[in-house]
Every structure is written in C-alpha cells, then in structure tokens.
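See below for input08.csv, which holds CSV, C-alpha atoms.
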```csv
chain,number,residue,atom,x,y,z
A,177,MET,CA,58.0,153.5,98.1
A,178,SER,CA,57.5,150.0,99.4
A,179,ALA,CA,59.9,148.0,101.5
A,180,GLU,CA,60.2,145.6,98.6
A,181,GLY,CA,61.3,148.4,96.4
A,182,ASN,CA,64.2,149.5,98.6
A,183,SER,CA,66.9,147.3,97.0
A,184,ALA,CA,69.6,148.6,99.2
A,185,VAL,CA,67.8,147.4,102.3
A,186,GLY,CA,66.9,144.2,100.6
A,187,GLU,CA,70.6,143.4,100.2
A,188,HIS,CA,71.4,144.0,103.9
A,189,GLY,CA,68.2,143.7,105.8
A,190,VAL,CA,64.8,142.1,106.1
A,191,SER,CA,64.5,140.4,102.7
A,192,LYS,CA,67.9,138.7,103.3
A,193,ARG,CA,66.4,136.8,106.1
A,194,VAL,CA,62.9,136.1,104.9
A,195,LYS,CA,63.0,132.4,105.9
A,196,ALA,CA,64.0,133.4,109.4
A,197,ALA,CA,61.1,135.9,109.6
A,198,ASN,CA,58.6,133.3,108.5
A,199,ARG,CA,59.7,130.7,111.0
A,200,LYS,CA,57.5,130.5,114.1
A,201,PRO,CA,59.2,130.4,117.4
A,202,VAL,CA,59.1,127.2,119.4
A,203,LYS,CA,57.8,127.6,122.9
A,204,PRO,CA,60.2,126.0,125.4
A,205,ALA,CA,58.8,123.0,127.2
A,206,LYS,CA,60.5,124.1,130.4
A,207,PRO,CA,61.9,127.4,131.8
A,208,GLU,CA,64.9,128.7,129.9
A,209,SER,CA,68.2,128.3,131.7
A,210,ARG,CA,70.6,131.2,132.2
A,211,LEU,CA,73.0,129.6,129.8
A,212,ALA,CA,70.4,129.1,127.1
A,213,MET,CA,69.2,132.7,127.5
A,214,VAL,CA,72.8,134.1,127.1
A,215,ARG,CA,73.3,132.0,124.0
A,216,ARG,CA,70.0,133.2,122.6
A,217,ALA,CA,70.8,136.8,123.4
A,218,ARG,CA,74.2,136.6,121.7
A,219,LYS,CA,72.6,135.0,118.7
A,220,ILE,CA,70.1,137.8,118.5
A,221,ASN,CA,72.9,140.3,118.5
A,222,ARG,CA,74.8,138.4,115.7
A,223,GLU,CA,71.6,138.3,113.6
A,224,LEU,CA,70.8,142.0,114.1
A,225,ALA,CA,74.4,142.7,113.0
A,226,GLU,CA,73.5,141.1,109.7
A,227,VAL,CA,70.2,143.0,109.4
A,228,PHE,CA,71.7,146.3,110.4
A,229,PRO,CA,75.3,146.3,109.4
A,230,TYR,CA,75.0,150.1,109.0
A,231,ALA,CA,73.7,150.7,112.6
A,232,HIS,CA,74.9,154.1,113.9
A,233,PRO,CA,74.0,157.0,116.2
A,234,GLU,CA,71.1,158.8,114.7
A,235,LEU,CA,72.1,162.2,115.8
A,236,ASP,CA,74.0,164.4,113.4
A,237,PHE,CA,77.3,165.6,114.9
A,238,ARG,CA,80.8,166.6,113.9
A,239,ASN,CA,82.5,166.6,117.3
A,240,PRO,CA,82.0,165.6,120.9
A,241,PHE,CA,80.5,169.0,121.9
A,242,GLU,CA,77.8,168.8,119.1
A,243,LEU,CA,76.9,165.2,120.1
A,244,LEU,CA,76.7,166.1,123.8
A,245,VAL,CA,74.3,169.0,123.1
A,246,ALA,CA,72.3,167.1,120.5
A,247,THR,CA,71.8,164.2,123.0
A,248,VAL,CA,70.6,166.5,125.7
A,249,LEU,CA,68.2,168.1,123.2
A,250,SER,CA,66.9,164.7,122.2
A,251,ALA,CA,65.0,164.1,125.4
A,252,GLN,CA,61.2,163.9,124.9
A,253,THR,CA,61.5,164.4,121.1
A,254,THR,CA,62.8,162.6,118.0
A,255,ASP,CA,66.4,162.5,116.7
A,256,LEU,CA,64.9,163.8,113.5
A,257,ARG,CA,63.6,166.9,115.1
A,258,VAL,CA,66.9,167.5,116.8
A,259,ASN,CA,68.9,167.0,113.6
A,260,GLN,CA,66.6,169.5,111.9
A,261,THR,CA,67.2,172.0,114.7
A,262,THR,CA,70.9,171.8,115.5
A,263,PRO,CA,72.4,173.2,112.3
A,264,ALA,CA,71.2,176.7,113.0
A,265,LEU,CA,72.2,176.3,116.7
A,266,PHE,CA,75.8,175.2,116.0
A,267,ALA,CA,76.2,177.8,113.2
A,268,LYS,CA,75.6,180.5,115.7
A,269,TYR,CA,77.2,178.9,118.7
A,270,PRO,CA,80.0,176.5,117.5
A,271,THR,CA,81.9,176.2,120.8
A,272,PRO,CA,81.1,175.8,124.5
A,273,GLU,CA,82.4,179.4,125.0
A,274,ASP,CA,80.0,180.7,122.4
A,275,LEU,CA,77.0,178.9,123.8
A,276,ALA,CA,77.8,179.8,127.4
A,277,ALA,CA,77.9,183.5,126.6
A,278,ALA,CA,74.6,183.4,124.5
A,279,VAL,CA,71.4,185.3,125.3
A,280,PRO,CA,69.1,182.6,126.7
A,281,GLU,CA,66.0,183.9,124.8
A,282,GLU,CA,67.9,183.6,121.5
A,283,VAL,CA,68.9,180.0,122.3
A,284,GLU,CA,65.3,179.2,123.4
A,285,GLU,CA,64.0,180.4,120.0
A,286,LEU,CA,66.5,178.3,118.1
A,287,ILE,CA,65.7,175.1,120.0
A,288,ARG,CA,62.0,175.7,120.4
A,289,PRO,CA,61.1,172.8,117.9
A,290,THR,CA,62.6,170.2,120.2
A,291,GLY,CA,60.1,171.0,123.0
A,292,PHE,CA,60.8,171.9,126.7
A,293,PHE,CA,63.0,174.6,125.2
A,294,ARG,CA,63.4,176.7,128.4
A,295,ALA,CA,64.6,173.7,130.5
A,296,LYS,CA,66.8,172.5,127.7
A,297,THR,CA,68.3,176.0,127.2
A,298,LYS,CA,69.2,176.0,130.9
A,299,SER,CA,70.8,172.6,130.5
A,300,ILE,CA,72.9,173.2,127.4
A,301,MET,CA,74.0,176.6,128.5
A,302,GLY,CA,74.9,175.2,131.9
A,303,LEU,CA,76.9,172.4,130.5
A,304,ALA,CA,78.6,174.8,128.0
A,305,ALA,CA,79.6,177.0,131.0
A,306,ALA,CA,80.9,174.0,132.9
A,307,LEU,CA,83.0,172.8,129.9
A,308,ARG,CA,84.4,176.3,129.6
A,309,ASP,CA,85.1,176.8,133.3
A,310,ASP,CA,86.1,173.3,134.4
A,311,PHE,CA,87.4,171.4,131.3
A,312,GLY,CA,89.1,174.0,129.2
A,313,GLY,CA,86.3,174.1,126.7
A,314,GLU,CA,86.7,170.4,125.9
A,315,VAL,CA,84.2,167.5,126.4
A,316,PRO,CA,85.7,165.1,129.0
A,317,GLY,CA,86.0,161.5,128.0
A,318,ARG,CA,85.2,160.0,131.4
A,319,LEU,CA,81.9,158.9,132.7
A,320,ASP,CA,82.4,160.4,136.2
A,321,ASP,CA,83.1,163.8,134.6
A,322,LEU,CA,80.3,163.8,132.1
A,323,VAL,CA,77.5,162.9,134.6
A,324,LYS,CA,78.4,166.0,136.6
A,325,LEU,CA,77.4,168.3,133.7
A,326,PRO,CA,73.9,169.9,133.8
A,327,GLY,CA,71.3,167.7,132.0
A,328,VAL,CA,73.7,164.8,131.5
A,329,GLY,CA,72.8,161.4,132.9
A,330,ARG,CA,74.3,157.9,132.3
A,331,LYS,CA,72.4,157.4,129.1
A,332,THR,CA,73.7,160.7,127.6
A,333,ALA,CA,77.2,160.0,128.9
A,334,PHE,CA,77.3,156.6,127.3
A,335,VAL,CA,76.1,157.9,123.9
A,336,VAL,CA,79.0,160.5,124.0
A,337,LEU,CA,81.6,158.0,125.2
A,338,GLY,CA,80.7,155.3,122.8
A,339,ASN,CA,80.3,157.4,119.7
A,340,ALA,CA,82.7,160.3,120.2
A,341,PHE,CA,85.5,158.6,122.2
A,342,GLY,CA,85.2,154.9,121.4
A,343,VAL,CA,84.6,154.0,125.0
A,344,PRO,CA,82.2,151.0,125.2
A,345,GLY,CA,78.9,151.6,126.9
A,346,ILE,CA,75.3,150.4,126.9
A,347,THR,CA,72.7,153.0,126.1
A,348,VAL,CA,69.5,152.2,127.9
A,349,ASP,CA,66.8,154.3,126.2
A,350,THR,CA,63.1,153.5,126.0
A,351,HIS,CA,63.6,151.3,122.9
A,352,PHE,CA,66.4,149.3,124.5
A,353,MET,CA,64.5,148.8,127.7
A,354,ARG,CA,61.4,147.6,125.8
A,355,LEU,CA,63.2,145.1,123.7
A,356,VAL,CA,65.5,143.5,126.3
A,357,ARG,CA,62.4,142.9,128.4
A,358,ARG,CA,60.5,141.4,125.5
A,359,TRP,CA,63.4,139.2,124.7
A,360,LYS,CA,63.6,138.1,128.4
A,361,TRP,CA,67.2,139.2,128.9
A,362,THR,CA,66.1,140.9,132.1
A,363,GLU,CA,63.1,141.6,134.2
A,364,GLN,CA,64.5,144.8,135.7
A,365,GLU,CA,62.7,148.1,135.1
A,366,ASP,CA,65.4,150.5,136.5
A,367,PRO,CA,67.8,151.6,133.7
A,368,VAL,CA,70.9,151.3,135.8
A,369,LYS,CA,70.0,147.7,136.8
A,370,ILE,CA,69.1,146.9,133.2
A,371,GLU,CA,72.5,148.2,132.1
A,372,ALA,CA,74.3,146.1,134.7
A,373,GLU,CA,72.4,142.8,133.8
A,374,ILE,CA,73.0,143.3,130.0
A,375,ALA,CA,76.6,144.1,130.6
A,376,GLU,CA,77.0,140.6,132.1
A,377,ILE,CA,75.6,138.9,129.0
A,378,PHE,CA,77.8,140.5,126.4
A,379,PRO,CA,81.6,141.3,126.2
A,380,LYS,CA,82.5,144.9,126.7
A,381,SER,CA,83.6,145.2,123.1
A,382,GLU,CA,80.0,144.7,121.9
A,383,TRP,CA,78.3,147.2,124.2
A,384,THR,CA,78.2,150.2,121.9
A,385,MET,CA,77.2,148.4,118.7
A,386,LEU,CA,74.7,146.2,120.6
A,387,SER,CA,73.0,149.4,121.8
A,388,HIS,CA,72.8,150.7,118.2
A,389,ARG,CA,71.4,147.4,116.8
A,390,VAL,CA,68.7,147.0,119.5
A,391,ILE,CA,67.6,150.7,119.2
A,392,PHE,CA,67.5,150.4,115.4
A,393,HIS,CA,65.4,147.3,115.7
A,394,GLY,CA,63.1,149.0,118.1
A,395,ARG,CA,62.6,152.0,116.0
A,396,ARG,CA,62.1,150.2,112.7
A,397,ILE,CA,60.4,146.8,113.5
A,398,CYS,CA,59.7,146.1,117.2
A,399,HIS,CA,57.6,149.1,118.0
A,400,ALA,CA,56.0,149.8,121.3
A,401,ARG,CA,52.4,149.6,120.3
A,402,LYS,CA,52.4,147.6,117.1
A,403,PRO,CA,55.4,145.4,116.7
A,404,ALA,CA,55.8,144.2,113.1
A,405,CYS,CA,56.2,140.5,114.2
A,406,GLY,CA,55.3,139.2,110.7
A,407,ALA,CA,58.2,141.1,109.2
A,408,CYS,CA,60.7,140.5,111.9
A,409,PRO,CA,63.9,138.6,111.0
A,410,ILE,CA,64.4,137.2,114.5
A,411,THR,CA,61.0,135.7,115.3
A,412,HIS,CA,62.6,132.3,115.8
A,413,LEU,CA,64.6,133.7,118.7
A,414,CYS,CA,61.8,135.9,120.3
A,415,PRO,CA,59.8,134.6,123.2
A,416,SER,CA,57.3,137.5,122.7
A,417,TYR,CA,56.4,136.7,119.1
A,418,GLY,CA,52.7,137.4,118.6
A,419,GLU,CA,52.5,140.5,120.6
A,420,GLY,CA,52.2,142.4,117.4
A,421,GLU,CA,50.9,141.9,113.8
A,422,THR,CA,51.9,138.5,112.6
A,423,ASP,CA,50.5,138.7,109.0
A,424,PRO,CA,53.6,139.3,106.8
A,425,GLU,CA,51.8,141.8,104.5
A,426,LYS,CA,50.2,143.8,107.2
A,427,ALA,CA,53.4,143.7,109.3
A,428,ARG,CA,55.5,145.0,106.3
A,429,LYS,CA,53.3,148.1,106.3
A,430,LEU,CA,54.4,148.9,109.8
A,431,LEU,CA,58.1,149.1,109.0
A,432,LYS,CA,59.7,152.5,109.5
A,433,TYR,CA,62.6,154.5,108.1
A,434,GLU,CA,64.7,152.7,105.5
A,435,MET,CA,62.9,149.4,106.2
A,436,GLY,CA,59.7,151.0,105.0
A,437,GLY,CA,61.3,152.8,102.2
A,438,LEU,CA,61.1,156.1,104.1
A,439,PRO,CA,63.7,158.8,105.0
A,440,GLY,CA,65.8,158.2,108.1
A,441,GLN,CA,66.4,160.5,111.0
A,442,ARG,CA,69.7,162.0,109.9
A,443,LEU,CA,70.1,164.9,107.5
A,444,ASN,CA,73.7,163.8,107.0
A,445,PRO,CA,73.8,160.0,107.4
A,446,PRO,CA,77.1,158.2,107.4
A,447,PRO,CA,78.5,156.3,104.4
A,448,GLY,CA,76.9,153.0,103.9
A,449,TYR,CA,73.5,154.0,105.1
A,450,PRO,CA,71.0,152.4,102.6
A,451,GLY,CA,68.1,154.8,103.2
A,452,ARG,CA,67.3,158.4,102.3
A,453,PRO,CA,68.5,161.4,104.3
A,454,ALA,CA,65.8,163.2,106.4
A,455,PRO,CA,64.3,166.4,105.0
A,456,LEU,CA,65.2,169.9,106.3
A,457,LEU,CA,63.0,171.5,108.9
A,458,GLY,CA,59.9,173.0,107.4
A,459,THR,CA,60.0,170.8,104.3
A,460,SER,CA,58.4,167.5,103.4
A,461,ASP,CA,59.8,164.5,101.7
```
Starting from the coordinates I provided, produce the structure as structure tokens.
Amino acid sequence: MSAEGNSAVGEHGVSKRVKAANRKPVKPAKPESRLAMVRRARKINRELAEVFPYAHPELDFRNPFELLVATVLSAQTTDLRVNQTTPALFAKYPTPEDLAAAVPEEVEELIRPTGFFRAKTKSIMGLAAALRDDFGGEVPGRLDDLVKLPGVGRKTAFVVLGNAFGVPGITVDTHFMRLVRRWKWTEQEDPVKIEAEIAEIFPKSEWTMLSHRVIFHGRRICHARKPACGACPITHLCPSYGEGETDPEKARKLLKYEMGGLPGQRLNPPPGYPGRPAPLLGTSD
C-alpha cells in the first residue's frame, strides 16, 4: 500500500501539508538569534501537532507496571518486538509480586525475543521486587523514586511519569537526540543536558506531547541514515534540509509505519490512530 493510498493519513498528515513539504528552506544570512531559534522550535512543534495529532506512546500497556516493564525491555530493540513479547509475560506475571517470585529462567525464555534477555530479566525482576518490598506493589509517581529502581533511568522514568501519571517530562531517546540537534535546538550530546536545554524552550505543559511528536517524526520521516527530506512537512523550518533524499518520489518510499502505509508498532493502538495494528509475534502482515 502506498502512502498516497492511506487516506486516513492523508487527512491528518503529510499530504495535508504538501506545499510546506515542497518549500525549500531559506538559509539565514546571519547566525540565528536565540529568540529566532525558540520561535522556530515552537513553530515546528505546532506543525508536528498538525501532522501527528494521534502521537502516542508506542508501547502497549494497561497500567503503570506494564508500561514500566515494557519500557525497560525496549532498550536495544524496537517497541514492536516488545509489544509482541509482553502479552505472554503479563499473562503469566500480571503483578510485581508475581514477577518478583518468578523463576528467572522462565522469564528469560519469555522475553528472549527482546534481546539481552538475561540482563533484562535481572532488571525487571529486581524492579518488581523493589515495588513489592518498598512501594506496596505500586509504581511510584515520583522521579526520585523511579530512578532508584533497577534498570530505570531518567528516560524510562519520564516515559512512565508522562504516560501513566500525567506528569510532564521530556523523553530523550536516540530519535529525540538526533532531531533536536538537526534542528539546531541544542548542540549538547549528553541526554541530561539536552533535556535541560529543551525544557527552557517549551512550556512544561508541552513536554510529554513534544516528546511523542519528535519521536514519531524521527521514526517515520527524519531517519538516522536516510532522512526523507523530500517528503517532510517541515522542510521550510529545518536548517539541515538536504541531509537526506530530497526528490519527493524517492523520499516518499522511505516513509515508515502509517506514513508509508505499513503497520505500526502497537498490537493495540489507541483510538484515532490512522494506521494498521502490528502483527502478532511469529506472523507477517
């Protein structure tokens, strides 16, 4: 299925902003001021909100515990592979108490498809035991508490806080880091420093959705190796236009997930998602 044939996406996404995508960016005659950069960054955020009104966390979860475990498992693999793996895991171990008391070898076998399964088993069983022993079997809703759990850093904590508790946070993953540097919002390379600089550009109320939009754009259009510049709706705001394929037809073939008419990463996407659900593990779409 081609991108043009995906009418749901056409209503909400790239085709809605064809004119913007075909506009060549104007190189500034002088270095961009801080104020101009902030205005451009906020405009990018507004335009991404129009392109991805359905942006959401791409891990399947039904409660904070499932999101926490799924996020830990997502390290060094795709959200799709995690989503294909966790149904069996949570069916057998639905609570922290259940997972903490599991036989490690059985957990390893269940999560093997996500890679690094021995280290991940140690992490998720350790965090389950900590939840059981220190938090009454409940996932805490504070950053300081979350980062004390085995395998949980700031990125994982902000995913859980923003999407399970409604606490604003900036998720600095590899996609986010790549795009904010391409857009010249920051020159930092350390995730904590990037988080701090981006937090100064946007109001706190925007942090969680900004993260989703930037990550969606990075996964679908602004890829690491071959950015689809010719199919990008924000070329007129991008100082790195031209790093990728600029021919519109060739660029369109680089689009991923619903933008390319392909299944998304979630087996159970939220209402309003215009793409197709991902296939079950061991099946093809």
- Message: Report as a PyMOL selection string all protein, DNA and RNA residues lying within 7 Å of Gly313 (chain A), evaluated on all atoms listed in the file, omitting residues in the same chain fewer than 4 positions from it.
- Response: chain A and resi 272-273+307-308
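Nearest-residue note for Gly302 (chain A): choosing from A:Asn339, A:Leu325, A:His393, A:Glu419, the minimum distance belongs to A:Leu325, counting only C-alpha atoms.
Between CA of Asp366 (chain A) and CA of Val323 (chain A) there is a distance of 17.4 Å.
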**Q.** Å distance separating CA of Val368 (chain A) from CA of Ile287 (chain A), one decimal place
**A.**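 Computing it gives 29.0 Å between the two atoms.
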Notebook entry, point to check: Nearest to Phe237 (chain A): which of A:Val258, A:Ala372, A:Ala295, A:Val214 is it, counting only C-alpha atoms?
Noted result: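 The answer is A:Val258, which sits nearest to Phe237 (chain A).
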So which one's closest to Leu286 (chain A), A:Lys402, A:Leu457, A:Lys324, A:Cys414? Using only C-alpha atoms, please.
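Comparing A:Lys402, A:Leu457, A:Lys324, A:Cys414 against Leu286 (chain A), the winner is A:Leu457.
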Can you tell me how far CA of Phe266 (chain A) sits from CA of Asp321 (chain A), in Å to one decimal?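 CA of Phe266 (chain A) sits 23.0 Å away from CA of Asp321 (chain A).
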Mind checking which residues fall within 12 Å of region 350-353 of chain A, counting all atoms listed in the file, ignoring those fewer than 2 positions away in the same chain, and posting them as number ranges by chain? A: 251-252, 331, 346-348, 355-371, 373-374, 386-401, 403
Counting only C-alpha atoms, closest pick from A:Gln441, A:Arg216, A:Ser250, A:Cys408 relative to Lys429 (chain A) is A:Cys408
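Of the listed residues (A:Leu244, A:Ala267, A:Val335, A:Leu322), A:Ala267 comes nearest to Val283 (chain A); the distances count all atoms listed in the file.
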Using all atoms listed in the file, the best pick from A:Pro453, A:Gly406, A:Pro446, A:Arg354 as closest to Leu430 (chain A) would be A:Gly406
Expected answer as a list in words: all residues with atoms within 10 Å of (77.2, 158.2, 122.7), all atoms listed in the file
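Nearby residues: His232, Pro233, Leu235, Pro240, Leu243, Leu244, Thr247, Lys331, Thr332, Ala333, Phe334, Val335, Val336, Leu337, Gly338, Asn339, Ala340, Phe341, Gly342, Val343, Pro344, Gly345, Ile346, Thr347, Thr384, Ser387 and His388 of chain A.
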As a PDB file, keeping the file's coordinate frame, please: region 217-250 of chain A completed to N, CA and C atoms.
```pdb
ATOM      1  N   ALA A 217      70.555 135.350 123.474  1.00  0.00           N
ATOM      2  CA  ALA A 217      70.800 136.800 123.400  1.00  0.00           C
ATOM      3  C   ALA A 217      71.953 137.112 122.459  1.00  0.00           C
ATOM      4  N   ARG A 218      73.006 136.344 122.561  1.00  0.00           N
ATOM      5  CA  ARG A 218      74.200 136.600 121.700  1.00  0.00           C
ATOM      6  C   ARG A 218      73.852 136.266 120.240  1.00  0.00           C
ATOM      7  N   LYS A 219      72.988 135.281 120.028  1.00  0.00           N
ATOM      8  CA  LYS A 219      72.600 135.000 118.700  1.00  0.00           C
ATOM      9  C   LYS A 219      71.735 136.096 118.086  1.00  0.00           C
ATOM     10  N   ILE A 220      70.846 136.656 118.904  1.00  0.00           N
ATOM     11  CA  ILE A 220      70.100 137.800 118.500  1.00  0.00           C
ATOM     12  C   ILE A 220      70.988 138.940 118.051  1.00  0.00           C
ATOM     13  N   ASN A 221      71.990 139.213 118.857  1.00  0.00           N
ATOM     14  CA  ASN A 221      72.900 140.300 118.500  1.00  0.00           C
ATOM     15  C   ASN A 221      73.640 140.006 117.211  1.00  0.00           C
ATOM     16  N   ARG A 222      74.068 138.766 116.987  1.00  0.00           N
ATOM     17  CA  ARG A 222      74.800 138.400 115.700  1.00  0.00           C
ATOM     18  C   ARG A 222      73.815 138.589 114.532  1.00  0.00           C
ATOM     19  N   GLU A 223      72.565 138.169 114.708  1.00  0.00           N
ATOM     20  CA  GLU A 223      71.600 138.300 113.600  1.00  0.00           C
ATOM     21  C   GLU A 223      71.237 139.718 113.314  1.00  0.00           C
ATOM     22  N   LEU A 224      71.110 140.523 114.358  1.00  0.00           N
ATOM     23  CA  LEU A 224      70.800 142.000 114.100  1.00  0.00           C
ATOM     24  C   LEU A 224      72.013 142.639 113.454  1.00  0.00           C
ATOM     25  N   ALA A 225      73.220 142.145 113.693  1.00  0.00           N
ATOM     26  CA  ALA A 225      74.400 142.700 113.000  1.00  0.00           C
ATOM     27  C   ALA A 225      74.317 142.460 111.510  1.00  0.00           C
ATOM     28  N   GLU A 226      73.686 141.355 111.114  1.00  0.00           N
ATOM     29  CA  GLU A 226      73.500 141.100 109.700  1.00  0.00           C
ATOM     30  C   GLU A 226      72.376 141.934 109.102  1.00  0.00           C
ATOM     31  N   VAL A 227      71.338 142.155 109.887  1.00  0.00           N
ATOM     32  CA  VAL A 227      70.200 143.000 109.400  1.00  0.00           C
ATOM     33  C   VAL A 227      70.561 144.431 109.345  1.00  0.00           C
ATOM     34  N   PHE A 228      71.309 144.897 110.343  1.00  0.00           N
ATOM     35  CA  PHE A 228      71.700 146.300 110.400  1.00  0.00           C
ATOM     36  C   PHE A 228      73.186 146.504 110.451  1.00  0.00           C
ATOM     37  N   PRO A 229      73.881 146.154 109.383  1.00  0.00           N
ATOM     38  CA  PRO A 229      75.300 146.300 109.400  1.00  0.00           C
ATOM     39  C   PRO A 229      75.737 147.797 109.397  1.00  0.00           C
ATOM     40  N   TYR A 230      74.786 148.663 109.100  1.00  0.00           N
ATOM     41  CA  TYR A 230      75.000 150.100 109.000  1.00  0.00           C
ATOM     42  C   TYR A 230      74.539 150.820 110.298  1.00  0.00           C
ATOM     43  N   ALA A 231      74.187 150.101 111.365  1.00  0.00           N
ATOM     44  CA  ALA A 231      73.700 150.700 112.600  1.00  0.00           C
ATOM     45  C   ALA A 231      74.635 151.804 113.078  1.00  0.00           C
ATOM     46  N   HIS A 232      74.092 152.933 113.509  1.00  0.00           N
ATOM     47  CA  HIS A 232      74.900 154.100 113.900  1.00  0.00           C
ATOM     48  C   HIS A 232      74.118 155.007 114.790  1.00  0.00           C
ATOM     49  N   PRO A 233      74.773 155.967 115.435  1.00  0.00           N
ATOM     50  CA  PRO A 233      74.000 157.000 116.200  1.00  0.00           C
ATOM     51  C   PRO A 233      73.187 157.801 115.251  1.00  0.00           C
ATOM     52  N   GLU A 234      71.943 158.065 115.602  1.00  0.00           N
ATOM     53  CA  GLU A 234      71.100 158.800 114.700  1.00  0.00           C
ATOM     54  C   GLU A 234      70.947 160.255 114.919  1.00  0.00           C
ATOM     55  N   LEU A 235      71.944 160.800 115.593  1.00  0.00           N
ATOM     56  CA  LEU A 235      72.100 162.200 115.800  1.00  0.00           C
ATOM     57  C   LEU A 235      73.211 162.736 114.884  1.00  0.00           C
ATOM     58  N   ASP A 236      72.973 163.814 114.148  1.00  0.00           N
ATOM     59  CA  ASP A 236      74.000 164.400 113.400  1.00  0.00           C
ATOM     60  C   ASP A 236      75.010 165.142 114.291  1.00  0.00           C
ATOM     61  N   PHE A 237      76.305 164.929 114.097  1.00  0.00           N
ATOM     62  CA  PHE A 237      77.300 165.600 114.900  1.00  0.00           C
ATOM     63  C   PHE A 237      78.643 165.595 114.176  1.00  0.00           C
ATOM     64  N   ARG A 238      79.478 166.587 114.472  1.00  0.00           N
ATOM     65  CA  ARG A 238      80.800 166.600 113.900  1.00  0.00           C
ATOM     66  C   ARG A 238      81.920 166.579 114.918  1.00  0.00           C
ATOM     67  N   ASN A 239      81.554 166.688 116.186  1.00  0.00           N
ATOM     68  CA  ASN A 239      82.500 166.600 117.300  1.00  0.00           C
ATOM     69  C   ASN A 239      81.840 166.297 118.571  1.00  0.00           C
ATOM     70  N   PRO A 240      82.590 165.991 119.627  1.00  0.00           N
ATOM     71  CA  PRO A 240      82.000 165.600 120.900  1.00  0.00           C
ATOM     72  C   PRO A 240      81.015 166.631 121.470  1.00  0.00           C
ATOM     73  N   PHE A 241      81.334 167.910 121.330  1.00  0.00           N
ATOM     74  CA  PHE A 241      80.500 169.000 121.900  1.00  0.00           C
ATOM     75  C   PHE A 241      79.101 168.934 121.168  1.00  0.00           C
ATOM     76  N   GLU A 242      79.084 168.799 119.860  1.00  0.00           N
ATOM     77  CA  GLU A 242      77.800 168.800 119.100  1.00  0.00           C
ATOM     78  C   GLU A 242      77.006 167.526 119.518  1.00  0.00           C
ATOM     79  N   LEU A 243      77.666 166.386 119.686  1.00  0.00           N
ATOM     80  CA  LEU A 243      76.900 165.200 120.100  1.00  0.00           C
ATOM     81  C   LEU A 243      76.371 165.317 121.474  1.00  0.00           C
ATOM     82  N   LEU A 244      77.125 165.903 122.385  1.00  0.00           N
ATOM     83  CA  LEU A 244      76.700 166.100 123.800  1.00  0.00           C
ATOM     84  C   LEU A 244      75.417 166.971 123.790  1.00  0.00           C
ATOM     85  N   VAL A 245      75.470 168.104 123.111  1.00  0.00           N
ATOM     86  CA  VAL A 245      74.300 169.000 123.100  1.00  0.00           C
ATOM     87  C   VAL A 245      73.136 168.366 122.411  1.00  0.00           C
ATOM     88  N   ALA A 246      73.368 167.715 121.275  1.00  0.00           N
ATOM     89  CA  ALA A 246      72.300 167.100 120.500  1.00  0.00           C
ATOM     90  C   ALA A 246      71.605 165.997 121.371  1.00  0.00           C
ATOM     91  N   THR A 247      72.385 165.248 122.128  1.00  0.00           N
ATOM     92  CA  THR A 247      71.800 164.200 123.000  1.00  0.00           C
ATOM     93  C   THR A 247      70.946 164.746 124.068  1.00  0.00           C
ATOM     94  N   VAL A 248      71.394 165.841 124.674  1.00  0.00           N
ATOM     95  CA  VAL A 248      70.600 166.500 125.700  1.00  0.00           C
ATOM     96  C   VAL A 248      69.269 167.002 125.079  1.00  0.00           C
ATOM     97  N   LEU A 249      69.349 167.571 123.887  1.00  0.00           N
ATOM     98  CA  LEU A 249      68.200 168.100 123.200  1.00  0.00           C
ATOM     99  C   LEU A 249      67.195 166.979 122.797  1.00  0.00           C
ATOM    100  N   SER A 250      67.688 165.750 122.664  1.00  0.00           N
ATOM    101  CA  SER A 250      66.900 164.700 122.200  1.00  0.00           C
ATOM    102  C   SER A 250      65.852 164.124 123.167  1.00  0.00           C
TER     103      SER A 250
END
```
